[in-house]
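Here's target_38.cif, which has mmCIF, C-alpha atoms:
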data_entry
#
loop_
_atom_site.group_PDB
_atom_site.id
_atom_site.type_symbol
_atom_site.label_atom_id
_atom_site.label_comp_id
_atom_site.auth_asym_id
_atom_site.auth_seq_id
_atom_site.Cartn_x
_atom_site.Cartn_y
_atom_site.Cartn_z
ATOM 1 C CA MET A 1 200.993 -99.499 -24.387
ATOM 2 C CA SER A 2 201.267 -95.752 -24.790
ATOM 3 C CA GLY A 3 198.917 -92.966 -25.817
ATOM 4 C CA ARG A 4 200.005 -93.520 -29.419
ATOM 5 C CA GLU A 5 197.534 -96.370 -29.774
ATOM 6 C CA LEU A 6 194.591 -94.325 -28.499
ATOM 7 C CA THR A 7 195.539 -91.389 -30.717
ATOM 8 C CA MET A 8 195.677 -93.583 -33.789
ATOM 9 C CA LEU A 9 192.414 -95.322 -32.950
ATOM 10 C CA GLY A 10 190.674 -92.023 -32.305
ATOM 11 C CA GLU A 11 192.080 -89.887 -35.113
ATOM 12 C CA GLY A 12 193.340 -92.271 -37.792
ATOM 13 C CA ARG A 13 191.712 -93.076 -41.103
ATOM 14 C CA VAL A 14 190.057 -96.505 -40.956
ATOM 15 C CA GLU A 15 190.376 -98.813 -43.967
ATOM 16 C CA LEU A 16 188.611 -102.167 -44.182
ATOM 17 C CA LEU A 17 190.971 -105.024 -45.010
ATOM 18 C CA ALA A 18 189.131 -108.294 -44.377
ATOM 19 C CA ARG A 19 186.355 -109.891 -42.383
ATOM 20 C CA ILE A 20 187.647 -112.053 -39.551
ATOM 21 C CA PRO A 21 186.177 -115.554 -39.985
ATOM 22 C CA ARG A 22 184.315 -117.662 -37.402
ATOM 23 C CA SER A 23 183.033 -114.644 -35.469
ATOM 24 C CA SER A 24 179.428 -114.658 -34.255
ATOM 25 C CA ASN A 25 179.072 -111.014 -35.252
ATOM 26 C CA ALA A 26 180.651 -109.196 -38.179
ATOM 27 C CA THR A 27 184.237 -108.437 -37.155
ATOM 28 C CA PHE A 28 186.808 -106.833 -39.401
ATOM 29 C CA LEU A 29 190.541 -106.393 -39.583
ATOM 30 C CA VAL A 30 191.226 -102.780 -40.490
ATOM 31 C CA ARG A 31 194.222 -100.570 -41.103
ATOM 32 C CA VAL A 32 194.362 -97.342 -39.125
ATOM 33 C CA THR A 33 196.538 -94.594 -40.595
ATOM 34 C CA CYS A 34 197.430 -91.392 -38.775
ATOM 35 C CA GLY A 35 199.962 -89.097 -40.377
ATOM 36 C CA GLY A 36 202.805 -91.284 -41.551
ATOM 37 C CA ASP A 37 202.020 -94.040 -39.039
ATOM 38 C CA SER A 38 199.778 -97.045 -39.603
ATOM 39 C CA SER A 39 198.812 -100.199 -37.769
ATOM 40 C CA HIS A 40 196.043 -102.779 -37.553
ATOM 41 C CA ALA A 41 192.920 -102.794 -35.425
ATOM 42 C CA VAL A 42 189.779 -104.895 -34.949
ATOM 43 C CA TYR A 43 186.519 -103.195 -35.894
ATOM 44 C CA LYS A 44 183.117 -104.390 -34.634
ATOM 45 C CA PRO A 45 180.281 -102.328 -36.115
ATOM 46 C CA GLU A 46 176.835 -102.279 -34.563
ATOM 47 C CA SER A 47 175.430 -102.910 -38.046
ATOM 48 C CA GLY A 48 177.069 -106.360 -37.992
ATOM 49 C CA GLU A 49 175.653 -107.515 -34.673
ATOM 50 C CA ARG A 50 173.298 -110.490 -34.506
ATOM 51 C CA PRO A 51 170.045 -109.753 -32.635
ATOM 52 C CA LEU A 52 170.118 -111.348 -29.177
ATOM 53 C CA SER A 53 167.312 -112.012 -26.737
ATOM 54 C CA ASP A 54 169.388 -111.218 -23.640
ATOM 55 C CA PHE A 55 171.491 -108.255 -24.778
ATOM 56 C CA GLU A 56 170.338 -105.016 -26.366
ATOM 57 C CA PRO A 57 171.966 -103.875 -29.625
ATOM 58 C CA GLY A 58 175.185 -101.974 -29.091
ATOM 59 C CA LEU A 59 177.571 -104.703 -27.974
ATOM 60 C CA TYR A 60 180.400 -102.439 -29.123
ATOM 61 C CA ARG A 61 179.737 -100.286 -26.052
ATOM 62 C CA ARG A 62 180.525 -103.269 -23.818
ATOM 63 C CA GLU A 63 183.847 -103.742 -25.635
ATOM 64 C CA ARG A 64 184.729 -100.188 -24.661
ATOM 65 C CA ALA A 65 183.381 -100.663 -21.131
ATOM 66 C CA ALA A 66 185.638 -103.683 -20.584
ATOM 67 C CA TYR A 67 188.658 -101.630 -21.623
ATOM 68 C CA LEU A 68 187.666 -98.807 -19.280
ATOM 69 C CA LEU A 69 187.200 -101.243 -16.380
ATOM 70 C CA SER A 70 190.618 -102.796 -17.007
ATOM 71 C CA GLU A 71 192.233 -99.346 -17.154
ATOM 72 C CA TYR A 72 190.429 -98.134 -14.028
ATOM 73 C CA LEU A 73 191.777 -101.152 -12.149
ATOM 74 C CA ARG A 74 195.245 -100.574 -13.671
ATOM 75 C CA TRP A 75 195.325 -104.240 -14.736
ATOM 76 C CA GLY A 76 196.030 -103.611 -18.422
ATOM 77 C CA LEU A 77 194.211 -106.742 -19.598
ATOM 78 C CA VAL A 78 192.228 -105.330 -22.527
ATOM 79 C CA PRO A 79 193.855 -103.771 -25.601
ATOM 80 C CA PRO A 80 193.081 -100.067 -26.157
ATOM 81 C CA THR A 81 189.486 -99.788 -27.363
ATOM 82 C CA LEU A 82 187.516 -96.769 -28.569
ATOM 83 C CA ILE A 83 184.111 -96.136 -30.117
ATOM 84 C CA ARG A 84 184.105 -94.537 -33.555
ATOM 85 C CA ASP A 85 180.956 -93.389 -35.353
ATOM 86 C CA ASP A 86 182.757 -92.482 -38.579
ATOM 87 C CA SER A 87 184.137 -95.911 -39.464
ATOM 88 C CA PRO A 88 183.329 -97.518 -42.847
ATOM 89 C CA LEU A 89 180.250 -99.463 -41.681
ATOM 90 C CA GLY A 90 179.043 -97.018 -39.066
ATOM 91 C CA VAL A 91 179.375 -96.780 -35.310
ATOM 92 C CA GLY A 92 181.283 -99.547 -33.576
ATOM 93 C CA SER A 93 184.274 -100.429 -31.445
ATOM 94 C CA LEU A 94 187.840 -100.157 -32.649
ATOM 95 C CA GLN A 95 190.401 -102.201 -30.718
ATOM 96 C CA TRP A 96 194.164 -102.246 -31.115
ATOM 97 C CA PHE A 97 195.329 -105.417 -32.833
ATOM 98 C CA VAL A 98 197.624 -107.610 -30.718
ATOM 99 C CA PRO A 99 200.245 -109.506 -32.764
ATOM 100 C CA CYS A 100 200.678 -112.936 -31.243
ATOM 101 C CA ASP A 101 201.085 -116.639 -31.889
ATOM 102 C CA TYR A 102 197.491 -117.737 -32.506
ATOM 103 C CA SER A 103 198.318 -121.362 -31.805
ATOM 104 C CA GLU A 104 198.502 -120.293 -28.157
ATOM 105 C CA HIS A 105 195.375 -119.741 -26.085
ATOM 106 C CA TYR A 106 194.211 -120.214 -22.503
ATOM 107 C CA PHE A 107 194.431 -124.014 -22.457
ATOM 108 C CA THR A 108 197.939 -124.124 -23.939
ATOM 109 C CA LEU A 109 199.200 -121.296 -21.762
ATOM 110 C CA TYR A 110 197.842 -122.874 -18.586
ATOM 111 C CA GLU A 111 199.302 -126.284 -19.375
ATOM 112 C CA ASP A 112 202.643 -125.239 -20.846
ATOM 113 C CA ASP A 113 203.662 -122.061 -19.026
ATOM 114 C CA PRO A 114 203.066 -121.800 -15.262
ATOM 115 C CA GLU A 115 204.586 -118.316 -15.337
ATOM 116 C CA THR A 116 201.374 -117.089 -16.959
ATOM 117 C CA HIS A 117 199.129 -118.339 -14.158
ATOM 118 C CA ALA A 118 199.056 -115.084 -12.201
ATOM 119 C CA ALA A 119 197.912 -113.179 -15.277
ATOM 120 C CA LEU A 120 195.398 -115.882 -16.187
ATOM 121 C CA SER A 121 193.869 -115.902 -12.713
ATOM 122 C CA ARG A 122 193.565 -112.117 -12.908
ATOM 123 C CA ILE A 123 191.551 -112.530 -16.104
ATOM 124 C CA ALA A 124 189.310 -114.989 -14.224
ATOM 125 C CA LEU A 125 188.693 -112.324 -11.587
ATOM 126 C CA PHE A 126 188.104 -109.661 -14.232
ATOM 127 C CA ASP A 127 185.567 -111.904 -15.962
ATOM 128 C CA TYR A 128 183.631 -112.408 -12.754
ATOM 129 C CA VAL A 129 183.493 -108.678 -12.064
ATOM 130 C CA ALA A 130 182.573 -107.901 -15.689
ATOM 131 C CA ASN A 131 180.119 -110.850 -15.786
ATOM 132 C CA ASN A 132 181.648 -112.171 -18.996
ATOM 133 C CA THR A 133 179.363 -114.717 -20.621
ATOM 134 C CA ASP A 134 181.767 -115.735 -23.375
ATOM 135 C CA ARG A 135 185.368 -116.290 -22.214
ATOM 136 C CA LYS A 136 186.546 -118.860 -24.715
ATOM 137 C CA SER A 137 190.107 -120.156 -24.624
ATOM 138 C CA GLY A 138 190.887 -118.332 -27.863
ATOM 139 C CA HIS A 139 189.917 -115.023 -26.259
ATOM 140 C CA VAL A 140 193.128 -115.137 -24.224
ATOM 141 C CA LEU A 141 196.229 -114.081 -26.144
ATOM 142 C CA ARG A 142 199.921 -113.817 -25.412
ATOM 143 C CA GLY A 143 201.472 -110.961 -27.343
ATOM 144 C CA HIS A 144 204.877 -111.262 -28.952
ATOM 145 C CA ASP A 145 206.219 -109.329 -25.943
ATOM 146 C CA GLY A 146 204.907 -112.018 -23.567
ATOM 147 C CA ARG A 147 202.039 -109.935 -22.212
ATOM 148 C CA ILE A 148 198.699 -111.690 -21.597
ATOM 149 C CA TRP A 149 195.574 -110.079 -23.040
ATOM 150 C CA GLY A 150 191.851 -110.720 -22.930
ATOM 151 C CA ILE A 151 189.736 -109.874 -25.988
ATOM 152 C CA ASP A 152 186.119 -110.135 -27.159
ATOM 153 C CA HIS A 153 184.039 -108.555 -24.390
ATOM 154 C CA GLY A 154 180.806 -107.763 -26.195
ATOM 155 C CA LEU A 155 178.819 -110.099 -23.937
ATOM 156 C CA CYS A 156 179.707 -108.588 -20.572
ATOM 157 C CA PHE A 157 178.078 -106.520 -17.830
ATOM 158 C CA ALA A 158 174.551 -107.990 -17.901
ATOM 159 C CA ALA A 159 172.521 -107.297 -14.764
ATOM 160 C CA ASP A 160 171.605 -111.000 -14.453
ATOM 161 C CA PHE A 161 174.485 -113.293 -13.527
ATOM 162 C CA LYS A 162 175.618 -114.953 -16.765
ATOM 163 C CA LEU A 163 179.272 -115.875 -16.206
ATOM 164 C CA ARG A 164 180.493 -118.491 -18.698
ATOM 165 C CA THR A 165 184.211 -119.077 -18.986
ATOM 166 C CA VAL A 166 186.829 -121.752 -19.557
ATOM 167 C CA ILE A 167 188.979 -120.338 -16.751
ATOM 168 C CA TRP A 168 187.962 -122.454 -13.760
ATOM 169 C CA ASP A 169 191.386 -123.831 -12.841
ATOM 170 C CA PHE A 170 191.835 -121.160 -10.161
ATOM 171 C CA ALA A 171 188.351 -121.494 -8.634
ATOM 172 C CA GLY A 172 188.330 -121.076 -4.862
ATOM 173 C CA GLN A 173 191.846 -119.670 -4.697
ATOM 174 C CA ALA A 174 192.454 -116.587 -2.575
ATOM 175 C CA VAL A 175 192.482 -113.262 -4.397
ATOM 176 C CA PRO A 176 195.686 -111.315 -3.639
ATOM 177 C CA ASP A 177 195.131 -108.393 -1.296
ATOM 178 C CA ALA A 178 196.493 -105.949 -3.862
ATOM 179 C CA LEU A 179 193.764 -106.921 -6.337
ATOM 180 C CA LEU A 180 191.068 -106.620 -3.671
ATOM 181 C CA GLU A 181 192.367 -103.113 -2.946
ATOM 182 C CA ASP A 182 192.107 -102.271 -6.637
ATOM 183 C CA LEU A 183 188.491 -103.441 -6.723
ATOM 184 C CA ALA A 184 187.257 -101.910 -3.455
ATOM 185 C CA PRO A 185 186.487 -98.373 -4.745
ATOM 186 C CA LEU A 186 183.993 -99.782 -7.258
ATOM 187 C CA VAL A 187 181.626 -100.715 -4.430
ATOM 188 C CA VAL A 188 181.142 -97.031 -3.698
ATOM 189 C CA ASP A 189 181.466 -95.467 -7.119
ATOM 190 C CA VAL A 190 181.674 -96.737 -10.697
ATOM 191 C CA PRO A 191 183.511 -94.176 -12.850
ATOM 192 C CA ALA A 192 181.173 -92.099 -14.989
ATOM 193 C CA ASN A 193 182.756 -92.981 -18.329
ATOM 194 C CA LEU A 194 182.123 -96.672 -17.588
ATOM 195 C CA ALA A 195 178.671 -96.227 -16.018
ATOM 196 C CA ASP A 196 177.498 -94.169 -18.999
ATOM 197 C CA LEU A 197 177.948 -97.231 -21.254
ATOM 198 C CA LEU A 198 175.689 -99.416 -19.057
ATOM 199 C CA ASP A 199 172.198 -99.101 -17.652
ATOM 200 C CA ALA A 200 171.471 -98.458 -13.977
ATOM 201 C CA ALA A 201 170.696 -102.106 -13.184
ATOM 202 C CA GLU A 202 173.975 -103.218 -14.759
ATOM 203 C CA VAL A 203 175.934 -100.689 -12.710
ATOM 204 C CA ARG A 204 174.273 -101.875 -9.491
ATOM 205 C CA ALA A 205 175.007 -105.496 -10.391
ATOM 206 C CA LEU A 206 178.661 -104.657 -11.068
ATOM 207 C CA ARG A 207 178.945 -103.153 -7.602
ATOM 208 C CA ARG A 208 177.294 -106.229 -6.038
ATOM 209 C CA ARG A 209 179.734 -108.579 -7.751
ATOM 210 C CA VAL A 210 182.658 -106.557 -6.480
ATOM 211 C CA GLN A 211 181.229 -106.616 -2.968
ATOM 212 C CA ARG A 212 180.881 -110.382 -3.139
ATOM 213 C CA VAL A 213 184.545 -110.781 -4.083
ATOM 214 C CA LEU A 214 185.544 -108.513 -1.221
ATOM 215 C CA ASP A 215 183.362 -110.511 1.185
ATOM 216 C CA THR A 216 184.625 -113.947 0.118
ATOM 217 C CA GLY A 217 188.187 -113.056 -0.835
ATOM 218 C CA VAL A 218 188.332 -115.957 -3.303
ATOM 219 C CA LEU A 219 187.854 -116.543 -7.004
ATOM 220 C CA PRO A 220 184.372 -117.801 -7.886
ATOM 221 C CA VAL A 221 183.491 -121.483 -7.946
ATOM 222 C CA ASP A 222 181.003 -123.085 -10.344
ATOM 223 C CA PRO A 223 179.094 -125.698 -8.324
ATOM 224 C CA THR A 224 177.017 -126.622 -11.388
ATOM 225 C CA GLY A 225 179.946 -127.465 -13.672
ATOM 226 C CA MET A 226 177.876 -125.933 -16.473
ATOM 227 C CA ARG A 227 179.211 -122.392 -16.797
ATOM 228 C CA TYR A 228 181.212 -122.923 -19.976
ATOM 229 C CA PRO A 229 180.875 -121.163 -23.340
ATOM 230 C CA TRP A 230 180.643 -123.051 -26.602
ATOM 231 C CA PRO A 231 182.775 -123.704 -28.470
ATOM 232 C CA LEU A 232 185.434 -123.873 -25.792
ATOM 233 C CA VAL A 233 188.188 -122.469 -28.026
#

Take the structure from the file and write it as structure tokens.
Amino acid sequence: MSGRELTMLGEGRVELLARIPRSSNATFLVRVTCGGDSSHAVYKPESGERPLSDFEPGLYRRERAAYLLSEYLRWGLVPPTLIRDDSPLGVGSLQWFVPCDYSEHYFTLYEDDPETHAALSRIALFDYVANNTDRKSGHVLRGHDGRIWGIDHGLCFAADFKLRTVIWDFAGQAVPDALLEDLAPLVVDVPANLADLLDAAEVRALRRRVQRVLDTGVLPVDPTGMRYPWPLV
């Protein structure tokens, strides 16, 4: 994706179209219009967040943080995501809408298309580093152009280890050296724009998770068999 998406998300007029059903928090499909150009985006306002005992309000910041982590690593897994405080229902995240076939998700992609496995295993690694506690199968999309995306990252980056994901098919497999090289700088320094969205304990925990991957060189294994979200899709 190009800078056009970020420009539209950051400068466009945001118009509510519909609430997206079956979301734990209020999530909206919106139209973003900038000049003569318009497109769709997904809007998650802080005002629509359910109170949680293990995450502070402001999950929209974690949506943005996941995008920044993906971009820092040059993995391109998360659609462009910005924070807007002038959207219809107040401050929240605004993420570029990915047109795709919604009958496809992680389970179908893994079973039916082995060519997606490299991208899917990269999402598994990303989720470990980001400490994603809610990687459902439906949070993995294949765009109409064939590109694999991960969405819905509001429950990431906790200081306590909370990983819950459906992507365990690659557990114990070696992480390619190129991906380890991408991750290595995070042990020393987390970029300021990402760190500013987290607290100090969360930044330290992010660095520890990266160090663990570098030390083991393999994708994480769940010895408990319990680290799954619900529902699975």

(message) Measuring between only C-alpha atoms, which one of A:Arg64, A:Gly76, A:Gln95, A:Leu82 shows the shortest distance to His40 of chain A?
(response) A:Gln95

If we count only C-alpha atoms, what is near segment 205-212 of chain A at a cut-off of 8 Å, once residues fewer than 2 positions away on the same chain are taken out, given as a short mmCIF file (atom, residue, chain, number, x, y, z; two decimals) with C-alpha atoms, keeping the file's coordinate frame?
data_model
loop_
_atom_site.label_atom_id
_atom_site.label_comp_id
_atom_site.auth_asym_id
_atom_site.auth_seq_id
_atom_site.Cartn_x
_atom_site.Cartn_y
_atom_site.Cartn_z
CA TYR A 128 183.63 -112.41 -12.75
CA VAL A 129 183.49 -108.68 -12.06
CA ALA A 130 182.57 -107.90 -15.69
CA ASN A 131 180.12 -110.85 -15.79
CA PHE A 157 178.08 -106.52 -17.83
CA ALA A 158 174.55 -107.99 -17.90
CA ALA A 159 172.52 -107.30 -14.76
CA ASP A 160 171.60 -111.00 -14.45
CA LEU A 183 188.49 -103.44 -6.72
CA ALA A 184 187.26 -101.91 -3.46
CA LEU A 186 183.99 -99.78 -7.26
CA VAL A 187 181.63 -100.72 -4.43
CA VAL A 188 181.14 -97.03 -3.70
CA VAL A 190 181.67 -96.74 -10.70
CA ALA A 201 170.70 -102.11 -13.18
CA GLU A 202 173.98 -103.22 -14.76
CA VAL A 203 175.93 -100.69 -12.71
CA LEU A 214 185.54 -108.51 -1.22
CA ASP A 215 183.36 -110.51 1.18
CA THR A 216 184.62 -113.95 0.12
#

(message) Considering all atoms listed in the file, can you say which of A:Trp96, A:Tyr228, A:Phe170, A:Tyr43 comes closest to Ala119 of chain A?
(response) A:Phe170

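Within the 6 Å cut-off around segment 103-111 of chain A, using all atoms listed in the file and omitting residues fewer than 3 positions from it on the same chain, the listed residues are Ser137, Gly138, Val140 and Leu141 of chain A.
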
(request) Extract, using all atoms listed in the file, all DNA, RNA and protein residues at most 10 Å from Trp75 of chain A, discarding same-chain residues fewer than 4 positions from it, and format them as a ChimeraX atom specification. (result) /A:67,69-71,119,122-123,126,179,182
